[in-house]
Amino acid sequence: MKRMKVTVLSLVALMMLVLAGCGASAKGIFGEHDFRNVNWQVDAAAVKDSEEAEPFLETENVINYNEETFEGHDAVISYNFFDGKLRKGGAMITAEDEEEANQILEEMKKILEKGYGKSTSTIGNTTVYETEKTVVELRTTANRVDIVFEDAQMN
């Protein structure tokens, strides 16, 4: 009887470890990539090779594109580099009005939760999602929804 209790408790503990690991293994919304079609710490050339459109803004630290490809919404896609390596990316989606922005925000929350798990915090109008590799901040301001993806190693 004592041996059976130990076995059952061991199985329960093992199941808890497996389930806890499932939440931590969220891969994000870009499949095998960290942001869109690239991974953190690639250089600007790799980013430009990954995008079909021409950038409308390009500096040493930023490359911006106008896209229709962020979850079906027109967006400005931004890649941010630190010491020549990609460390942040973002999507700025402009809606027609605040009501549409709130609808997009709710849609994005569902997409991010599916890819990154439950949010880890909410501060004001910013909701945060985290994995070992990426920190995501989702926020809305008037008629715009901003989603910032950051290399977790930046923190």
# chains A, B, ... in the order shown; residues from 1 in each chain; ligands from 1
$ select_by_dssp --residues "chain A" --states "strand (DSSP E)" --output "number ranges by chain"
A: 57-58, 62-70, 73-82, 85-94, 121-123, 126-130, 134-141, 144-151
$ residues_around --residues "Ala46 in chain A" --least-positions-apart "5" --cutoff "10 Å" --atoms "only C-alpha atoms" --output "list of chain:residue names"
A:Asn37, A:Val38, A:Asn39, A:Gln41, A:Glu51, A:Leu86
$ residues_around --residues "range 140-155 of chain A" --least-positions-apart "5" --cutoff "10 Å" --atoms "only C-alpha atoms" --output "NGL selection string"
:A and (34-35 or 39-41 or 75-80 or 82 or 86-105 or 108 or 112 or 125-135)
$ atom_distance --atom1 "CA of Tyr116 in chain A" --atom2 "CA of Gly28 in chain A"
5.0 Å
$ atom_distance --atom1 "CA of Gly115 in chain A" --atom2 "CA of Glu137 in chain A"
13.4 Å
$ residues_around --residues "Asp43 in chain A" --least-positions-apart "4" --cutoff "7 Å" --atoms "only C-alpha atoms" --output "list in words"
Val47, Gly84, Lys85 and Leu86 of chain A
$ write_last_selection --atoms "N, CA, C and O atoms" --output "PDB file, in the first residue's frame"
ATOM      1  N   VAL A  47      17.521  40.345 -43.045  1.00  0.00           N
ATOM      2  CA  VAL A  47      16.162  40.884 -42.965  1.00  0.00           C
ATOM      3  C   VAL A  47      15.692  41.304 -44.349  1.00  0.00           C
ATOM      4  O   VAL A  47      14.590  40.947 -44.779  1.00  0.00           O
ATOM      5  N   GLY A  84      24.315  46.118 -34.820  1.00  0.00           N
ATOM      6  CA  GLY A  84      24.239  45.435 -36.106  1.00  0.00           C
ATOM      7  C   GLY A  84      23.416  44.159 -36.127  1.00  0.00           C
ATOM      8  O   GLY A  84      23.349  43.482 -37.146  1.00  0.00           O
ATOM      9  N   LYS A  85      22.789  43.823 -35.020  1.00  0.00           N
ATOM     10  CA  LYS A  85      22.010  42.582 -34.925  1.00  0.00           C
ATOM     11  C   LYS A  85      20.553  42.889 -34.609  1.00  0.00           C
ATOM     12  O   LYS A  85      20.247  43.783 -33.815  1.00  0.00           O
ATOM     13  N   LEU A  86      19.630  42.118 -35.208  1.00  0.00           N
ATOM     14  CA  LEU A  86      18.201  42.297 -34.962  1.00  0.00           C
ATOM     15  C   LEU A  86      17.883  41.928 -33.523  1.00  0.00           C
ATOM     16  O   LEU A  86      18.157  40.817 -33.079  1.00  0.00           O
TER      17      LEU A  86
END
$ select_by_dssp --residues "range 78-137 of chain A" --states "helix (DSSP H, G or I)" --output "number ranges by chain"
A: 98-116
$ write_last_selection --atoms "N, CA, C and O atoms" --output "short mmCIF file (atom, residue, chain, number, x, y, z; two decimals), in the first residue's frame"
data_model
loop_
_atom_site.label_atom_id
_atom_site.label_comp_id
_atom_site.auth_asym_id
_atom_site.auth_seq_id
_atom_site.Cartn_x
_atom_site.Cartn_y
_atom_site.Cartn_z
N GLU A 98 -11.37 54.14 -33.10
CA GLU A 98 -11.03 53.47 -31.84
C GLU A 98 -11.76 52.13 -31.70
O GLU A 98 -11.19 51.17 -31.18
N GLU A 99 -12.98 52.06 -32.17
CA GLU A 99 -13.74 50.80 -32.09
C GLU A 99 -13.06 49.70 -32.90
O GLU A 99 -12.89 48.58 -32.42
N GLU A 100 -12.64 50.02 -34.12
CA GLU A 100 -11.94 49.03 -34.94
C GLU A 100 -10.60 48.65 -34.30
O GLU A 100 -10.20 47.49 -34.31
N ALA A 101 -9.91 49.63 -33.71
CA ALA A 101 -8.64 49.35 -33.04
C ALA A 101 -8.85 48.36 -31.89
O ALA A 101 -8.06 47.43 -31.71
N ASN A 102 -9.92 48.54 -31.13
CA ASN A 102 -10.22 47.61 -30.04
C ASN A 102 -10.55 46.21 -30.56
O ASN A 102 -10.18 45.21 -29.94
N GLN A 103 -11.22 46.11 -31.71
CA GLN A 103 -11.49 44.81 -32.31
C GLN A 103 -10.20 44.13 -32.74
O GLN A 103 -10.00 42.94 -32.50
N ILE A 104 -9.31 44.89 -33.36
CA ILE A 104 -8.01 44.35 -33.77
C ILE A 104 -7.22 43.92 -32.55
O ILE A 104 -6.59 42.87 -32.54
N LEU A 105 -7.25 44.74 -31.50
CA LEU A 105 -6.55 44.42 -30.26
C LEU A 105 -7.02 43.07 -29.71
O LEU A 105 -6.20 42.22 -29.36
N GLU A 106 -8.31 42.85 -29.65
CA GLU A 106 -8.84 41.58 -29.13
C GLU A 106 -8.44 40.41 -30.03
O GLU A 106 -8.10 39.33 -29.54
N GLU A 107 -8.46 40.63 -31.33
CA GLU A 107 -8.02 39.60 -32.28
C GLU A 107 -6.55 39.25 -32.04
O GLU A 107 -6.16 38.08 -32.00
N MET A 108 -5.71 40.28 -31.88
CA MET A 108 -4.28 40.06 -31.65
C MET A 108 -4.02 39.36 -30.32
O MET A 108 -3.13 38.52 -30.22
N LYS A 109 -4.81 39.68 -29.29
CA LYS A 109 -4.65 39.00 -28.00
C LYS A 109 -4.86 37.49 -28.17
O LYS A 109 -4.10 36.69 -27.62
N LYS A 110 -5.88 37.11 -28.93
CA LYS A 110 -6.14 35.68 -29.16
C LYS A 110 -4.99 35.02 -29.91
O LYS A 110 -4.56 33.93 -29.57
N ILE A 111 -4.49 35.71 -30.94
CA ILE A 111 -3.37 35.17 -31.73
C ILE A 111 -2.12 35.03 -30.86
O ILE A 111 -1.44 34.00 -30.88
N LEU A 112 -1.82 36.06 -30.08
CA LEU A 112 -0.62 36.03 -29.24
C LEU A 112 -0.74 34.99 -28.13
O LEU A 112 0.23 34.29 -27.81
N GLU A 113 -1.92 34.86 -27.55
CA GLU A 113 -2.11 33.85 -26.50
C GLU A 113 -1.91 32.45 -27.06
O GLU A 113 -1.33 31.58 -26.40
N LYS A 114 -2.39 32.24 -28.26
CA LYS A 114 -2.22 30.92 -28.89
C LYS A 114 -0.73 30.62 -29.12
O LYS A 114 -0.29 29.49 -28.95
N GLY A 115 0.04 31.64 -29.49
CA GLY A 115 1.45 31.44 -29.79
C GLY A 115 2.38 31.53 -28.60
O GLY A 115 3.42 30.87 -28.57
N TYR A 116 2.05 32.37 -27.61
CA TYR A 116 2.96 32.64 -26.50
C TYR A 116 2.42 32.22 -25.15
O TYR A 116 3.10 32.36 -24.14
#
$ decode --residues "range 122-138 of chain A" --atoms "all heavy atoms" --output "short mmCIF file (atom, residue, chain, number, x, y, z; two decimals), in the first residue's frame"
data_model
loop_
_atom_site.label_atom_id
_atom_site.label_comp_id
_atom_site.auth_asym_id
_atom_site.auth_seq_id
_atom_site.Cartn_x
_atom_site.Cartn_y
_atom_site.Cartn_z
N THR A 122 -0.18 42.83 -17.27
CA THR A 122 -0.86 43.92 -17.95
C THR A 122 -0.59 45.17 -17.14
O THR A 122 -0.85 45.21 -15.94
CB THR A 122 -2.37 43.66 -18.05
OG1 THR A 122 -2.58 42.45 -18.78
CG2 THR A 122 -3.07 44.80 -18.77
N ILE A 123 -0.04 46.17 -17.81
CA ILE A 123 0.27 47.43 -17.16
C ILE A 123 -0.40 48.52 -17.99
O ILE A 123 -0.03 48.73 -19.14
CB ILE A 123 1.79 47.67 -17.08
CG1 ILE A 123 2.46 46.53 -16.33
CG2 ILE A 123 2.09 49.01 -16.43
CD1 ILE A 123 3.95 46.48 -16.49
N GLY A 124 -1.42 49.16 -17.43
CA GLY A 124 -2.17 50.16 -18.19
C GLY A 124 -2.80 49.52 -19.41
O GLY A 124 -3.52 48.54 -19.29
N ASN A 125 -2.49 50.04 -20.59
CA ASN A 125 -3.04 49.48 -21.82
C ASN A 125 -2.07 48.55 -22.53
O ASN A 125 -2.23 48.25 -23.71
CB ASN A 125 -3.50 50.60 -22.77
CG ASN A 125 -2.34 51.41 -23.29
OD1 ASN A 125 -1.24 51.38 -22.75
ND2 ASN A 125 -2.58 52.18 -24.34
N THR A 126 -1.04 48.06 -21.82
CA THR A 126 -0.03 47.17 -22.39
C THR A 126 -0.15 45.78 -21.79
O THR A 126 -0.11 45.62 -20.57
CB THR A 126 1.39 47.71 -22.14
OG1 THR A 126 1.49 49.01 -22.72
CG2 THR A 126 2.44 46.81 -22.75
N THR A 127 -0.30 44.79 -22.67
CA THR A 127 -0.34 43.39 -22.26
C THR A 127 0.96 42.73 -22.70
O THR A 127 1.40 42.92 -23.84
CB THR A 127 -1.55 42.66 -22.90
OG1 THR A 127 -2.74 43.39 -22.57
CG2 THR A 127 -1.67 41.24 -22.41
N VAL A 128 1.59 41.96 -21.80
CA VAL A 128 2.90 41.37 -22.07
C VAL A 128 2.79 39.85 -22.13
O VAL A 128 2.13 39.23 -21.29
CB VAL A 128 3.91 41.77 -20.96
CG1 VAL A 128 5.28 41.14 -21.21
CG2 VAL A 128 4.01 43.29 -20.87
N TYR A 129 3.46 39.27 -23.13
CA TYR A 129 3.57 37.82 -23.30
C TYR A 129 5.05 37.50 -23.35
O TYR A 129 5.84 38.27 -23.90
CB TYR A 129 2.92 37.38 -24.62
CG TYR A 129 1.47 37.76 -24.73
CD1 TYR A 129 1.10 39.03 -25.19
CD2 TYR A 129 0.47 36.87 -24.39
CE1 TYR A 129 -0.23 39.39 -25.29
CE2 TYR A 129 -0.87 37.23 -24.49
CZ TYR A 129 -1.21 38.50 -24.94
OH TYR A 129 -2.52 38.85 -25.05
N GLU A 130 5.45 36.34 -22.78
CA GLU A 130 6.88 36.02 -22.73
C GLU A 130 7.14 34.55 -22.98
O GLU A 130 6.39 33.69 -22.52
CB GLU A 130 7.46 36.37 -21.36
CG GLU A 130 7.40 37.84 -21.03
CD GLU A 130 7.99 38.14 -19.67
OE1 GLU A 130 9.22 38.01 -19.53
OE2 GLU A 130 7.21 38.49 -18.77
N THR A 131 8.24 34.29 -23.70
CA THR A 131 8.80 32.95 -23.79
C THR A 131 10.28 33.09 -23.45
O THR A 131 10.75 34.21 -23.19
CB THR A 131 8.66 32.33 -25.21
OG1 THR A 131 9.47 33.08 -26.12
CG2 THR A 131 7.22 32.30 -25.66
N GLU A 132 11.00 32.01 -23.50
CA GLU A 132 12.44 32.10 -23.21
C GLU A 132 13.16 32.97 -24.23
O GLU A 132 14.17 33.58 -23.92
CB GLU A 132 13.05 30.69 -23.21
CG GLU A 132 12.66 29.86 -22.04
CD GLU A 132 13.27 28.47 -22.07
OE1 GLU A 132 14.09 28.18 -22.97
OE2 GLU A 132 12.93 27.67 -21.19
N LYS A 133 12.64 33.03 -25.47
CA LYS A 133 13.33 33.75 -26.53
C LYS A 133 12.76 35.14 -26.83
O LYS A 133 13.48 35.99 -27.33
CB LYS A 133 13.30 32.93 -27.82
CG LYS A 133 14.11 31.64 -27.73
CD LYS A 133 14.05 30.89 -29.03
CE LYS A 133 14.96 31.59 -30.01
NZ LYS A 133 14.99 30.94 -31.31
N THR A 134 11.47 35.35 -26.56
CA THR A 134 10.82 36.57 -27.02
C THR A 134 9.91 37.16 -25.96
O THR A 134 9.19 36.43 -25.28
CB THR A 134 9.99 36.27 -28.29
OG1 THR A 134 10.85 35.71 -29.28
CG2 THR A 134 9.35 37.53 -28.84
N VAL A 135 9.93 38.48 -25.86
CA VAL A 135 8.99 39.23 -25.04
C VAL A 135 8.13 40.05 -26.01
O VAL A 135 8.66 40.71 -26.91
CB VAL A 135 9.71 40.18 -24.05
CG1 VAL A 135 8.71 41.01 -23.27
CG2 VAL A 135 10.61 39.39 -23.12
N VAL A 136 6.81 39.99 -25.84
CA VAL A 136 5.88 40.69 -26.72
C VAL A 136 5.06 41.67 -25.90
O VAL A 136 4.53 41.30 -24.86
CB VAL A 136 4.93 39.71 -27.45
CG1 VAL A 136 4.02 40.46 -28.40
CG2 VAL A 136 5.71 38.62 -28.17
N GLU A 137 4.96 42.91 -26.37
CA GLU A 137 4.11 43.91 -25.75
C GLU A 137 3.04 44.31 -26.76
O GLU A 137 3.36 44.67 -27.90
CB GLU A 137 4.92 45.14 -25.35
CG GLU A 137 5.90 44.87 -24.24
CD GLU A 137 6.65 46.12 -23.81
OE1 GLU A 137 6.40 47.22 -24.36
OE2 GLU A 137 7.50 45.99 -22.93
N LEU A 138 1.79 44.23 -26.34
CA LEU A 138 0.64 44.58 -27.17
C LEU A 138 -0.06 45.76 -26.53
O LEU A 138 -0.38 45.72 -25.34
CB LEU A 138 -0.31 43.38 -27.27
CG LEU A 138 -1.65 43.61 -27.95
CD1 LEU A 138 -1.47 43.91 -29.44
CD2 LEU A 138 -2.54 42.38 -27.77
#
